[in-house]
file coords29.txt (compact mmCIF, C-alpha atoms)
# COMPACT_ATOMS: atom_id res chain seq x y z
CA MET G 1 0.00 0.00 0.00
CA SER G 2 1.47 3.35 -1.01
CA ILE G 3 1.39 6.61 0.93
CA ALA G 4 -1.19 7.92 -1.53
CA ASP G 5 -3.41 4.87 -0.77
CA VAL G 6 -3.15 5.54 2.98
CA ILE G 7 -4.02 9.22 2.46
CA ALA G 8 -7.01 8.26 0.29
CA LEU G 9 -8.13 5.81 2.98
CA VAL G 10 -7.80 8.46 5.70
CA ASN G 11 -9.77 10.95 3.59
CA THR G 12 -12.65 8.52 3.01
CA THR G 13 -12.95 7.30 6.60
CA GLY G 14 -16.36 8.24 7.95
CA ALA G 15 -17.54 9.80 4.69
CA ASP G 16 -20.41 7.36 4.24
CA SER G 17 -22.36 8.40 7.36
CA GLN G 18 -24.70 11.31 6.63
CA GLY G 19 -27.04 13.08 9.03
CA ASN G 20 -29.02 16.21 9.77
CA GLY G 21 -28.88 18.99 12.34
CA ALA G 22 -26.29 20.61 14.58
CA SER G 23 -25.31 17.32 16.15
CA ASN G 24 -24.41 15.95 12.73
CA ASP G 25 -22.40 19.10 11.97
CA GLN G 26 -20.50 18.49 15.19
CA ASP G 27 -20.03 14.85 14.24
CA GLU G 28 -18.72 15.87 10.82
CA HIS G 29 -16.33 18.37 12.40
CA ALA G 30 -15.12 15.66 14.78
CA ARG G 31 -14.59 13.26 11.83
CA ARG G 32 -12.56 15.90 9.98
CA GLN G 33 -10.45 16.46 13.07
CA GLN G 34 -9.92 12.71 13.41
CA LYS G 35 -8.76 12.47 9.79
CA GLN G 36 -6.33 15.29 10.34
CA GLN G 37 -5.02 13.71 13.54
CA ALA G 38 -4.73 10.34 11.79
CA THR G 39 -2.64 11.98 9.09
CA TYR G 40 -0.36 13.55 11.69
CA LEU G 41 0.09 10.13 13.29
CA MET G 42 0.76 8.56 9.89
CA LEU G 43 3.43 11.18 9.14
CA ILE G 44 5.05 10.67 12.54
CA GLY G 45 4.99 6.91 11.99
CA LEU G 46 6.52 7.27 8.53
CA PHE G 47 9.25 9.57 9.84
CA LEU G 48 10.09 7.17 12.67
CA ALA G 49 9.95 4.13 10.36
CA LEU G 50 12.47 5.74 8.03
CA LEU G 51 14.69 6.64 10.97
CA THR G 52 14.47 3.07 12.26
CA ALA G 53 15.28 1.65 8.82
CA PHE G 54 18.38 3.81 8.55
CA ALA G 55 19.42 2.96 12.10
CA ALA G 56 19.07 -0.75 11.30
CA ARG G 57 21.07 -0.25 8.09
CA GLU G 58 23.85 1.41 10.04
CA LYS G 59 23.89 -1.41 12.58
CA ARG G 60 24.09 -4.06 9.82
CA HIS G 61 26.91 -2.27 8.04
CA ASN G 62 28.75 -1.73 11.32
CA ASP G 63 29.79 1.67 9.95
CA PRO G 64 28.64 4.34 12.40
CA PHE G 65 27.61 7.61 10.82
CA GLU G 66 29.51 10.66 12.00
CA MET G 67 28.40 14.13 11.04
CA ARG G 68 31.39 16.24 10.05
CA PRO G 69 31.31 19.87 11.23
CA LEU G 70 31.23 21.13 7.62
CA ASP G 71 28.40 18.71 6.82
CA LEU G 72 26.43 20.01 9.79
CA LEU G 73 26.95 23.60 8.64
CA LEU G 74 25.92 22.71 5.08
CA LEU G 75 22.95 20.75 6.41
CA GLY G 76 21.77 23.73 8.46
CA PHE G 77 21.90 26.17 5.56
CA ALA G 78 20.55 23.61 3.07
CA THR G 79 17.65 22.79 5.39
CA TYR G 80 16.85 26.47 5.78
CA ARG G 81 16.84 27.01 2.02
CA GLY G 82 15.07 23.71 1.28
CA GLY G 83 12.30 24.54 3.77
CA HIS G 84 11.73 27.91 2.13
CA LEU G 85 11.90 26.34 -1.32
CA ALA G 86 9.23 23.80 -0.38
CA ALA G 87 6.99 26.29 1.43
CA TYR G 88 7.20 29.44 -0.68
CA ASP G 89 8.95 29.25 -4.03
CA LYS G 90 6.95 29.32 -7.25
CA VAL G 91 8.90 26.38 -8.66
CA THR G 92 7.40 24.06 -6.01
CA LEU G 93 3.87 25.44 -6.39
CA PRO G 94 2.72 22.38 -8.41
CA LEU G 95 3.72 20.16 -5.47
CA ARG G 96 1.96 22.37 -2.90
CA LYS G 97 -1.12 23.28 -4.94
CA PRO G 98 -3.27 20.23 -3.98
CA PHE G 99 -2.70 21.05 -0.30
CA THR G 100 -2.16 24.83 -0.01
CA GLU G 101 -3.26 28.17 -1.36
CA THR G 102 -1.52 31.53 -1.56
CA ARG G 103 -3.31 34.49 0.01
CA PRO G 104 -2.44 38.13 0.70
CA ASP G 105 -0.86 38.38 4.13
CA ALA G 106 -2.39 40.39 6.96
CA SER G 107 -0.20 43.43 6.23
CA GLY G 108 -1.36 43.57 2.64
CA THR G 109 2.22 43.96 1.41
CA GLY G 110 2.94 40.35 0.53
CA LYS G 111 1.54 36.89 0.19
CA THR G 112 1.50 33.89 2.45
CA VAL G 113 1.00 30.18 1.83
CA VAL G 114 -1.68 28.51 3.96
CA ALA G 115 -3.07 25.01 4.23
CA LYS G 116 -6.42 24.37 2.57
CA GLY G 117 -9.11 21.76 2.88
CA GLU G 118 -9.59 19.48 5.82
CA GLY G 119 -8.43 16.16 7.14
CA ALA G 120 -5.39 14.70 5.40
CA GLN G 121 -5.33 17.49 2.82
CA ARG G 122 -5.09 20.13 5.53
CA ALA G 123 -2.50 18.21 7.56
CA LEU G 124 -0.25 17.85 4.51
CA GLY G 125 -0.89 21.50 3.63
CA GLU G 126 0.29 22.53 7.09
CA LEU G 127 3.46 20.49 6.60
CA LEU G 128 4.15 21.98 3.18
CA SER G 129 3.34 25.59 4.11
CA CYS G 130 5.69 25.61 7.11
CA PRO G 131 9.40 25.94 6.22
CA ILE G 132 10.46 24.58 9.60
CA CYS G 133 8.09 21.60 9.37
CA SER G 134 9.08 20.68 5.83
CA GLY G 135 12.68 21.49 6.78
CA THR G 136 12.63 18.66 9.32
CA TRP G 137 11.82 16.20 6.54
CA ILE G 138 14.38 17.80 4.25
CA ALA G 139 17.07 17.56 6.94
CA ALA G 140 16.23 13.88 7.44
CA GLY G 141 16.39 13.21 3.70
CA LEU G 142 19.71 15.01 3.35
CA THR G 143 21.13 13.18 6.36
CA TYR G 144 20.05 9.86 4.90
CA GLY G 145 21.58 10.99 1.62
CA LEU G 146 24.89 11.56 3.39
CA ILE G 147 24.75 7.91 4.47
CA ILE G 148 23.69 6.42 1.11
CA ALA G 149 25.37 8.73 -1.41
CA PRO G 150 27.61 11.20 0.40
CA GLY G 151 29.24 12.80 -2.66
CA PRO G 152 26.13 13.83 -4.61
CA THR G 153 24.35 14.77 -1.37
CA ARG G 154 27.17 17.14 -0.39
CA VAL G 155 27.01 18.75 -3.84
CA PHE G 156 23.24 19.21 -3.51
CA MET G 157 23.60 20.52 0.06
CA SER G 158 26.29 22.96 -1.10
CA ILE G 159 23.98 24.34 -3.78
CA LEU G 160 21.09 24.76 -1.33
CA ALA G 161 23.40 26.17 1.36
CA ALA G 162 24.94 28.73 -1.00
CA THR G 163 21.48 29.82 -2.06
CA GLY G 164 20.35 30.01 1.59
CA ILE G 165 23.35 32.15 2.54
CA SER G 166 22.68 34.36 -0.47
CA GLU G 167 19.07 34.72 0.65
CA TRP G 168 20.22 35.89 4.09
CA LEU G 169 22.71 38.33 2.56
CA ASN G 170 20.03 39.74 0.26
CA ALA G 171 17.65 40.18 3.20
CA ALA G 172 20.37 41.92 5.24
CA SER G 173 21.21 44.17 2.31
CA GLU G 174 17.54 45.12 1.85
CA ALA G 175 17.17 45.82 5.57
CA LEU G 176 20.23 48.09 5.51
CA LYS G 177 18.92 49.92 2.44
CA TRP G 178 15.53 50.49 4.08
CA SER G 179 17.17 51.59 7.35
CA GLY G 180 19.38 54.03 5.44
CA GLN G 181 16.41 55.39 3.50
CA ILE G 182 14.42 55.92 6.71
CA ALA G 183 17.40 57.61 8.40
CA ARG G 184 17.85 59.97 5.43
CA GLU G 185 14.15 60.85 5.43
CA GLN G 186 14.19 61.50 9.19
CA SER G 187 17.28 63.71 8.95
CA ARG G 188 15.54 65.90 6.34
CA ALA G 189 12.52 66.44 8.57
call {"tool": "encode", "arguments": {"input": "coords29.txt", "output": "structure tokens"}}
result
Amino acid sequence: MSIADVIALVNTTGADSQGNGASNDQDEHARRQQKQQATYLMLIGLFLALLTAFAAREKRHNDPFEMRPLDLLLLGFATYRGGHLAAYDKVTLPLRKPFTETRPDASGTGKTVVAKGEGAQRALGELLSCPICSGTWIAAGLTYGLIIAPGPTRVFMSILAATGISEWLNAASEALKWSGQIAREQSRA
């Protein structure tokens, strides 16, 4: 059974019972909440199963994994960039679209990605719209990649890390420009 089959099963659970009135609305809300909670549990189980599989692999190969300091630094920056890539970038929109939508943010100056739907769809949308949440999965995948294929994984992490550092530098540069502009305007007043 694939992950998609499990998600489909979670989404259909309880869908065949129909009713009327406020009590049935409450029952439907409770069923939606249960589906969402079931999806969270499924994701936790999947994450832990993958971790267990890699731990068992390491034990069989009797080759303990050691994170090098440079790998940890690359992993941190790559996870930061990968989380933002998954949650916000237009290039990953086709992956997020079934689970999220983009709305104007509360300030009206930008846009934000939010989960849509209910049940499994919403739970997956929350994962994909949160750069820290998706970053956890990205960090796990990159760490597993360092075990299975260290060379290509380090190249990929270097690309993501360089882009993440560049993103921070661009943000700092913009902040300094805005601060300078505000200071100039205040000095004229």
call {"tool": "closest_residue", "arguments": {"input": "coords29.txt", "among": "G:Ile182, G:Ser23, G:Ile147, G:Ser134", "to": "His61 in chain G", "atoms": "only C-alpha atoms"}}
result
G:Ile147
call {"tool": "residues_around", "arguments": {"input": "coords29.txt", "residues": "range 80-97 of chain G", "least_positions_apart": "4", "cutoff": "7 Å", "atoms": "all atoms listed in the file", "output": "ChimeraX atom specification"}}
result
/G:76,101,113,128-132,134-135,138,160-161,163-164
call {"tool": "closest_residue", "arguments": {"input": "coords29.txt", "among": "G:Ala189, G:Glu28, G:Leu43, G:Gln37", "to": "Cys133 in chain G", "atoms": "only C-alpha atoms"}}
result
G:Leu43
call {"tool": "residues_around", "arguments": {"input": "coords29.txt", "residues": "range 29-35 of chain G", "least_positions_apart": "3", "cutoff": "6 Å", "atoms": "all atoms listed in the file", "output": "PDB file with C-alpha atoms, in the frame of the given file"}}
result
ATOM      1  CA  VAL G  10      -7.800   8.460   5.700  1.00  0.00           C
ATOM      2  CA  GLN G  26     -20.500  18.490  15.190  1.00  0.00           C
ATOM      3  CA  ALA G  38      -4.730  10.340  11.790  1.00  0.00           C
ATOM      4  CA  GLY G 119      -8.430  16.160   7.140  1.00  0.00           C
ATOM      5  CA  ALA G 120      -5.390  14.700   5.400  1.00  0.00           C
TER       6      ALA G 120
END
call {"tool": "closest_residue", "arguments": {"input": "coords29.txt", "among": "G:Ala172, G:Leu41, G:Leu48, G:Ala139", "to": "Leu73 in chain G", "atoms": "all atoms listed in the file"}}
result
G:Ala139
call {"tool": "atom_distance", "arguments": {"input": "coords29.txt", "atom1": "CA of Val155 in chain G", "atom2": "CA of Phe65 in chain G"}}
result
18.4 Å
call {"tool": "closest_residue", "arguments": {"input": "coords29.txt", "among": "G:Thr136, G:Phe99, G:Trp178, G:Asp63", "to": "Glu118 in chain G", "atoms": "all atoms listed in the file"}}
result
G:Phe99
call {"tool": "atom_distance", "arguments": {"input": "coords29.txt", "atom1": "CA of Leu124 in chain G", "atom2": "CA of Thr39 in chain G"}}
result
7.8 Å
call {"tool": "residues_around", "arguments": {"input": "coords29.txt", "residues": "Gly125 in chain G", "least_positions_apart": "5", "cutoff": "7 Å", "atoms": "only C-alpha atoms", "output": "PyMOL selection string"}}
result
chain G and resi 99-100+115-116
